[in-house]
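Peer 1: Handing you this structure, nothing more for now.
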Amino acid sequence: MDAPAGSAWDALVASASPFLQRPYLRAVEGGLPPGEAMRYATFHEGGRLVGVACFQRTRFQGRPLGERFQGGPVLSFLARNLRLAARPLDFQVLVCGNPMAAGEHGFHFDPAIEPRRAVEALLAALDVARRELEGTGAIDGVLIKDLDAASHPYGESLDRHAFAGLRPEPAMALRLDPSWDSFEAYLGCLASKYRVKARRAYAKSQALRARDLGPEDLLRFQDRWMELFDAVHRRAENRLGRPTFATFLNLRRTLGPEFILRGYFQEDALVGFLTGFVWEGVLEAHLVGLDYALNQELSIYPRLLCDYLDLAIARGCRELHYGRTASEIKSTLGAEPIEQVCYLRHRDCLPNQAARLIAPRLRPETGPLRRPFTQAWYGLHAQPALG
């Protein structure tokens, strides 16, 4: 269907994901660039809504596989002859999930629905959406995004349906200690060298003035806003879609204070920003932008990461989801990796078989992860893995 509607949708996803809420979906759909579109599916049993899903047609771009491929001579020969190794990845994809956020945000089923049946229903809906949207051009494949790598019940069923399991760079998340009633209390739990590093980031960024922005502010900084966002977006190894300025503006206007939107200024010049959501005790860090020419001098990116944590503490959150990229610096703040799997199926048989062979040999690039808290803190906070 073209748009989600009704209180039954709201009730089913009430605690599922901020990115499945109807106000969020309407805001994003209103800012889609030309050529992109969204579709929604509902699943019923006995007259009762038991599942929902959202799909988005968008563009996937990434580095050539040859730059990160690790495999034997047969697979390397296959990649070369399919022209997969040398050329940048660039294709149209139908995504079940949120292109702008790491995590399982594309569908939600009542826990009583058996996973195999849920997968069958989801794939049938994906097929309907693909046929509808191919009226504006071919779709090269479908992507089910960011399922939990360790324990997700859908993986085996998707493998039987010829999907290739791709492991992206892990998302990074920080479980907050309930005793952290301020950022200073958090700093007190860090080992000395990491505490010094965090304080240094704040000291270097003292010239920055941070303030929350409204719709009028956004309109005033429109060109600069997208310049800062694109500087970050272009650096990503894989790029799935690109939000427009209208996306940011719609989120600010539609969600109001539920959508965190903060600008960072050097005197009157906008040099960085962060966005995010607080949802069910979790702060979801969303899209950021920054001026890399000033980043080293003003420590803009470390300041954004520290301010996300400060916001999470101030709002009483139990977790902070930092998203992907920059895993090493996020780990110096205490964030831990959450391994996830994306499931891809190409529309043509031969490239799909090649993807299934090559995917296990692709290695996400991550830096060394740190354990920044004191040994005494870790001794008191033995916790199961996130994710």
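Naming scheme: A, B, ... for chains in displayed order of the structure tokens; residues 1 onward per chain; ligands 1 onward as shown.
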Segment 230-337 of chain A near segment 97-110 of chain A within 12 Å: what's each residue's closest atom pair and its distance in Å to one decimal, counting only C-alpha atoms, ordered by chain then ascending residue number, as a tab-separated table?
Peer 2:
```
residue	atom	partner	partner_atom	distance
A:His233	CA	A:Met100	CA	10.4
A:Ala236	CA	A:Met100	CA	11.9
A:Asn238	CA	A:Pro99	CA	10.7
A:Arg239	CA	A:Pro99	CA	8.5
A:Leu240	CA	A:Pro99	CA	5.5
A:Gly241	CA	A:Pro99	CA	6.4
A:Arg242	CA	A:Met100	CA	7.9
A:Pro243	CA	A:Met100	CA	7.8
A:Thr244	CA	A:Met100	CA	11.5
A:Thr247	CA	A:Met100	CA	11.0
A:Phe248	CA	A:Met100	CA	11.8
A:Thr275	CA	A:Ala101	CA	11.6
A:Gly276	CA	A:Ala101	CA	10.3
A:Phe277	CA	A:Ala101	CA	11.2
A:Glu284	CA	A:Ala101	CA	8.6
A:Ala285	CA	A:Ala101	CA	8.5
A:His286	CA	A:Ala101	CA	6.5
A:Leu287	CA	A:Met100	CA	7.5
A:Val288	CA	A:Met100	CA	10.9
A:His321	CA	A:Ala102	CA	8.8
A:Tyr322	CA	A:Ala102	CA	8.9
A:Gly323	CA	A:Ala102	CA	5.5
A:Arg324	CA	A:Ala102	CA	6.6
A:Thr325	CA	A:Ala102	CA	10.3
A:Pro337	CA	A:Ala102	CA	11.8
```
Peer 1: Pick out the residues sitting within 12 Å of Lys330 of chain A, and hand them over as a PDB file with N, CA and C atoms, in the first residue's frame; count only C-alpha atoms, and ignore anything fewer than 4 positions along from it in its own chain.
Peer 2:
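Just written: result_24.pdb:
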```pdb
ATOM      1  N   PRO A 170      30.187  -3.538  12.022  1.00  0.00           N
ATOM      2  CA  PRO A 170      29.223  -3.633  13.121  1.00  0.00           C
ATOM      3  C   PRO A 170      28.727  -2.270  13.574  1.00  0.00           C
ATOM      4  N   ALA A 171      27.490  -2.245  14.035  1.00  0.00           N
ATOM      5  CA  ALA A 171      26.978  -1.051  14.707  1.00  0.00           C
ATOM      6  C   ALA A 171      27.601  -0.989  16.100  1.00  0.00           C
ATOM      7  N   MET A 172      27.699   0.214  16.629  1.00  0.00           N
ATOM      8  CA  MET A 172      28.322   0.409  17.939  1.00  0.00           C
ATOM      9  C   MET A 172      27.275   0.932  18.921  1.00  0.00           C
ATOM     10  N   ALA A 173      27.235   0.330  20.102  1.00  0.00           N
ATOM     11  CA  ALA A 173      26.247   0.728  21.112  1.00  0.00           C
ATOM     12  C   ALA A 173      26.903   0.745  22.488  1.00  0.00           C
ATOM     13  N   LEU A 174      26.415   1.632  23.324  1.00  0.00           N
ATOM     14  CA  LEU A 174      26.941   1.803  24.682  1.00  0.00           C
ATOM     15  C   LEU A 174      25.815   1.607  25.685  1.00  0.00           C
ATOM     16  N   TYR A 194      41.884   7.392  28.807  1.00  0.00           N
ATOM     17  CA  TYR A 194      40.659   7.660  28.038  1.00  0.00           C
ATOM     18  C   TYR A 194      39.912   8.859  28.621  1.00  0.00           C
ATOM     19  N   ALA A 198      38.975  12.208  26.453  1.00  0.00           N
ATOM     20  CA  ALA A 198      37.647  12.809  26.373  1.00  0.00           C
ATOM     21  C   ALA A 198      37.678  14.271  26.815  1.00  0.00           C
ATOM     22  N   TYR A 301      34.110  16.110  15.592  1.00  0.00           N
ATOM     23  CA  TYR A 301      33.473  14.789  15.640  1.00  0.00           C
ATOM     24  C   TYR A 301      33.541  14.174  17.042  1.00  0.00           C
ATOM     25  N   PRO A 302      34.707  14.188  17.724  1.00  0.00           N
ATOM     26  CA  PRO A 302      34.697  13.686  19.104  1.00  0.00           C
ATOM     27  C   PRO A 302      33.712  14.430  19.993  1.00  0.00           C
ATOM     28  N   ARG A 303      33.559  15.739  19.775  1.00  0.00           N
ATOM     29  CA  ARG A 303      32.585  16.510  20.568  1.00  0.00           C
ATOM     30  C   ARG A 303      31.169  16.011  20.305  1.00  0.00           C
ATOM     31  N   LEU A 304      30.841  15.730  19.039  1.00  0.00           N
ATOM     32  CA  LEU A 304      29.502  15.201  18.738  1.00  0.00           C
ATOM     33  C   LEU A 304      29.265  13.886  19.471  1.00  0.00           C
ATOM     34  N   LEU A 305      30.263  12.999  19.453  1.00  0.00           N
ATOM     35  CA  LEU A 305      30.104  11.704  20.115  1.00  0.00           C
ATOM     36  C   LEU A 305      29.921  11.874  21.617  1.00  0.00           C
ATOM     37  N   CYS A 306      30.711  12.763  22.222  1.00  0.00           N
ATOM     38  CA  CYS A 306      30.561  13.017  23.659  1.00  0.00           C
ATOM     39  C   CYS A 306      29.208  13.640  23.979  1.00  0.00           C
ATOM     40  N   TYR A 308      26.381  13.246  22.323  1.00  0.00           N
ATOM     41  CA  TYR A 308      25.358  12.199  22.264  1.00  0.00           C
ATOM     42  C   TYR A 308      25.265  11.499  23.620  1.00  0.00           C
ATOM     43  N   LEU A 309      26.411  11.186  24.193  1.00  0.00           N
ATOM     44  CA  LEU A 309      26.424  10.497  25.483  1.00  0.00           C
ATOM     45  C   LEU A 309      25.866  11.396  26.583  1.00  0.00           C
ATOM     46  N   LEU A 320      22.808   3.815  24.331  1.00  0.00           N
ATOM     47  CA  LEU A 320      23.064   4.776  23.269  1.00  0.00           C
ATOM     48  C   LEU A 320      23.508   4.001  22.048  1.00  0.00           C
ATOM     49  N   HIS A 321      22.765   4.104  20.963  1.00  0.00           N
ATOM     50  CA  HIS A 321      23.110   3.433  19.714  1.00  0.00           C
ATOM     51  C   HIS A 321      23.811   4.441  18.803  1.00  0.00           C
ATOM     52  N   TYR A 322      25.116   4.238  18.628  1.00  0.00           N
ATOM     53  CA  TYR A 322      25.920   5.181  17.853  1.00  0.00           C
ATOM     54  C   TYR A 322      25.850   4.925  16.342  1.00  0.00           C
ATOM     55  N   GLY A 323      25.370   3.772  15.922  1.00  0.00           N
ATOM     56  CA  GLY A 323      25.367   3.458  14.497  1.00  0.00           C
ATOM     57  C   GLY A 323      26.721   2.947  14.027  1.00  0.00           C
ATOM     58  N   ARG A 324      26.872   2.886  12.698  1.00  0.00           N
ATOM     59  CA  ARG A 324      28.091   2.333  12.098  1.00  0.00           C
ATOM     60  C   ARG A 324      29.153   3.405  11.894  1.00  0.00           C
ATOM     61  N   THR A 325      30.294   2.948  11.409  1.00  0.00           N
ATOM     62  CA  THR A 325      31.478   3.749  11.067  1.00  0.00           C
ATOM     63  C   THR A 325      32.196   4.237  12.326  1.00  0.00           C
ATOM     64  N   ALA A 326      33.485   4.511  12.147  1.00  0.00           N
ATOM     65  CA  ALA A 326      34.326   5.052  13.226  1.00  0.00           C
ATOM     66  C   ALA A 326      34.243   4.192  14.487  1.00  0.00           C
ATOM     67  N   GLY A 334      33.494   3.592  25.212  1.00  0.00           N
ATOM     68  CA  GLY A 334      32.840   2.469  25.881  1.00  0.00           C
ATOM     69  C   GLY A 334      31.843   1.719  25.031  1.00  0.00           C
ATOM     70  N   ALA A 335      31.641   2.144  23.773  1.00  0.00           N
ATOM     71  CA  ALA A 335      30.682   1.455  22.907  1.00  0.00           C
ATOM     72  C   ALA A 335      31.220   0.081  22.496  1.00  0.00           C
ATOM     73  N   GLU A 336      30.307  -0.859  22.317  1.00  0.00           N
ATOM     74  CA  GLU A 336      30.641  -2.226  21.939  1.00  0.00           C
ATOM     75  C   GLU A 336      29.987  -2.563  20.608  1.00  0.00           C
ATOM     76  N   PRO A 337      30.587  -3.498  19.845  1.00  0.00           N
ATOM     77  CA  PRO A 337      30.032  -3.826  18.520  1.00  0.00           C
ATOM     78  C   PRO A 337      28.806  -4.720  18.599  1.00  0.00           C
ATOM     79  N   THR A 366      37.426  -2.674  10.226  1.00  0.00           N
ATOM     80  CA  THR A 366      37.215  -2.050  11.534  1.00  0.00           C
ATOM     81  C   THR A 366      38.553  -1.861  12.219  1.00  0.00           C
ATOM     82  N   GLY A 367      38.653  -0.822  13.013  1.00  0.00           N
ATOM     83  CA  GLY A 367      39.859  -0.606  13.791  1.00  0.00           C
ATOM     84  C   GLY A 367      39.835  -1.452  15.054  1.00  0.00           C
ATOM     85  N   PRO A 368      40.938  -1.453  15.790  1.00  0.00           N
ATOM     86  CA  PRO A 368      40.963  -2.201  17.059  1.00  0.00           C
ATOM     87  C   PRO A 368      39.983  -1.594  18.049  1.00  0.00           C
ATOM     88  N   LEU A 369      39.262  -2.444  18.761  1.00  0.00           N
ATOM     89  CA  LEU A 369      38.290  -1.972  19.735  1.00  0.00           C
ATOM     90  C   LEU A 369      38.933  -1.869  21.115  1.00  0.00           C
ATOM     91  N   ARG A 370      38.493  -0.877  21.880  1.00  0.00           N
ATOM     92  CA  ARG A 370      39.100  -0.573  23.174  1.00  0.00           C
ATOM     93  C   ARG A 370      38.203  -0.989  24.344  1.00  0.00           C
ATOM     94  N   ARG A 371      38.832  -1.100  25.502  1.00  0.00           N
ATOM     95  CA  ARG A 371      38.104  -1.288  26.760  1.00  0.00           C
ATOM     96  C   ARG A 371      38.495  -0.117  27.660  1.00  0.00           C
ATOM     97  N   PRO A 372      37.726   0.982  27.599  1.00  0.00           N
ATOM     98  CA  PRO A 372      38.203   2.232  28.185  1.00  0.00           C
ATOM     99  C   PRO A 372      37.941   2.411  29.682  1.00  0.00           C
TER     100      PRO A 372
END
```
Peer 1: Which is closest to Gln375 of chain A among A:Glu120, A:Gln266, A:Cys189, A:Arg59, if we use only C-alpha atoms?
Peer 2: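 Looking at the shortest contact to Gln375 of chain A, the residue is A:Cys189.
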Peer 1: Could you tell me, as a ChimeraX atom specification, which residues of segment 9-232 of chain A DSSP assigns to strand (DSSP E or B) when given the backbone?
Peer 2: /A:37-45,48-62,69,89-96,107-109,141-148,164-166,171-175,190,208-212
Peer 1: For the atom pair atom CA of Arg347 of chain A and atom CA of Leu20 of chain A, what is the interatomic distance in Å to one decimal place?
Peer 2: 26.6 Å
Peer 1: Given only C-alpha atoms as the basis, pick out the residue of A:Phe163, A:Arg318, A:Val278, A:Ser192 nearest to Ala355 of chain A.
Peer 2: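 Of A:Phe163, A:Arg318, A:Val278, A:Ser192, the one nearest Ala355 of chain A is A:Phe163, counting only C-alpha atoms.
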Peer 1: Using only C-alpha atoms, which protein or nucleic acid residues come within 7 Å of Ala41 of chain A? Drop anything in the same chain fewer than 6 positions from it, and give the result as a PDB file with N, CA, C and O atoms, in the first residue's frame.
Peer 2:
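Wrote it out as part_0.pdb, contents follow:
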```pdb
ATOM      1  N   MET A   1       0.842  -1.193   0.000  1.00  0.00           N
ATOM      2  CA  MET A   1       0.000   0.000   0.000  1.00  0.00           C
ATOM      3  C   MET A   1       0.877   1.243   0.000  1.00  0.00           C
ATOM      4  O   MET A   1       2.077   1.179   0.287  1.00  0.00           O
ATOM      5  N   VAL A  52       3.800  -5.746  10.150  1.00  0.00           N
ATOM      6  CA  VAL A  52       3.888  -4.601   9.239  1.00  0.00           C
ATOM      7  C   VAL A  52       5.303  -4.565   8.664  1.00  0.00           C
ATOM      8  O   VAL A  52       6.251  -5.106   9.245  1.00  0.00           O
ATOM      9  N   ALA A  53       5.434  -3.918   7.515  1.00  0.00           N
ATOM     10  CA  ALA A  53       6.745  -3.770   6.890  1.00  0.00           C
ATOM     11  C   ALA A  53       6.760  -2.510   6.041  1.00  0.00           C
ATOM     12  O   ALA A  53       5.707  -2.070   5.560  1.00  0.00           O
ATOM     13  N   CYS A  54       7.938  -1.922   5.880  1.00  0.00           N
ATOM     14  CA  CYS A  54       8.088  -0.795   4.962  1.00  0.00           C
ATOM     15  C   CYS A  54       9.260  -1.071   4.027  1.00  0.00           C
ATOM     16  O   CYS A  54      10.266  -1.675   4.426  1.00  0.00           O
ATOM     17  N   ALA A 125       5.345  -9.950   0.085  1.00  0.00           N
ATOM     18  CA  ALA A 125       5.075  -8.512   0.038  1.00  0.00           C
ATOM     19  C   ALA A 125       6.190  -7.771  -0.692  1.00  0.00           C
ATOM     20  O   ALA A 125       5.931  -6.830  -1.458  1.00  0.00           O
TER      21      ALA A 125
END
```
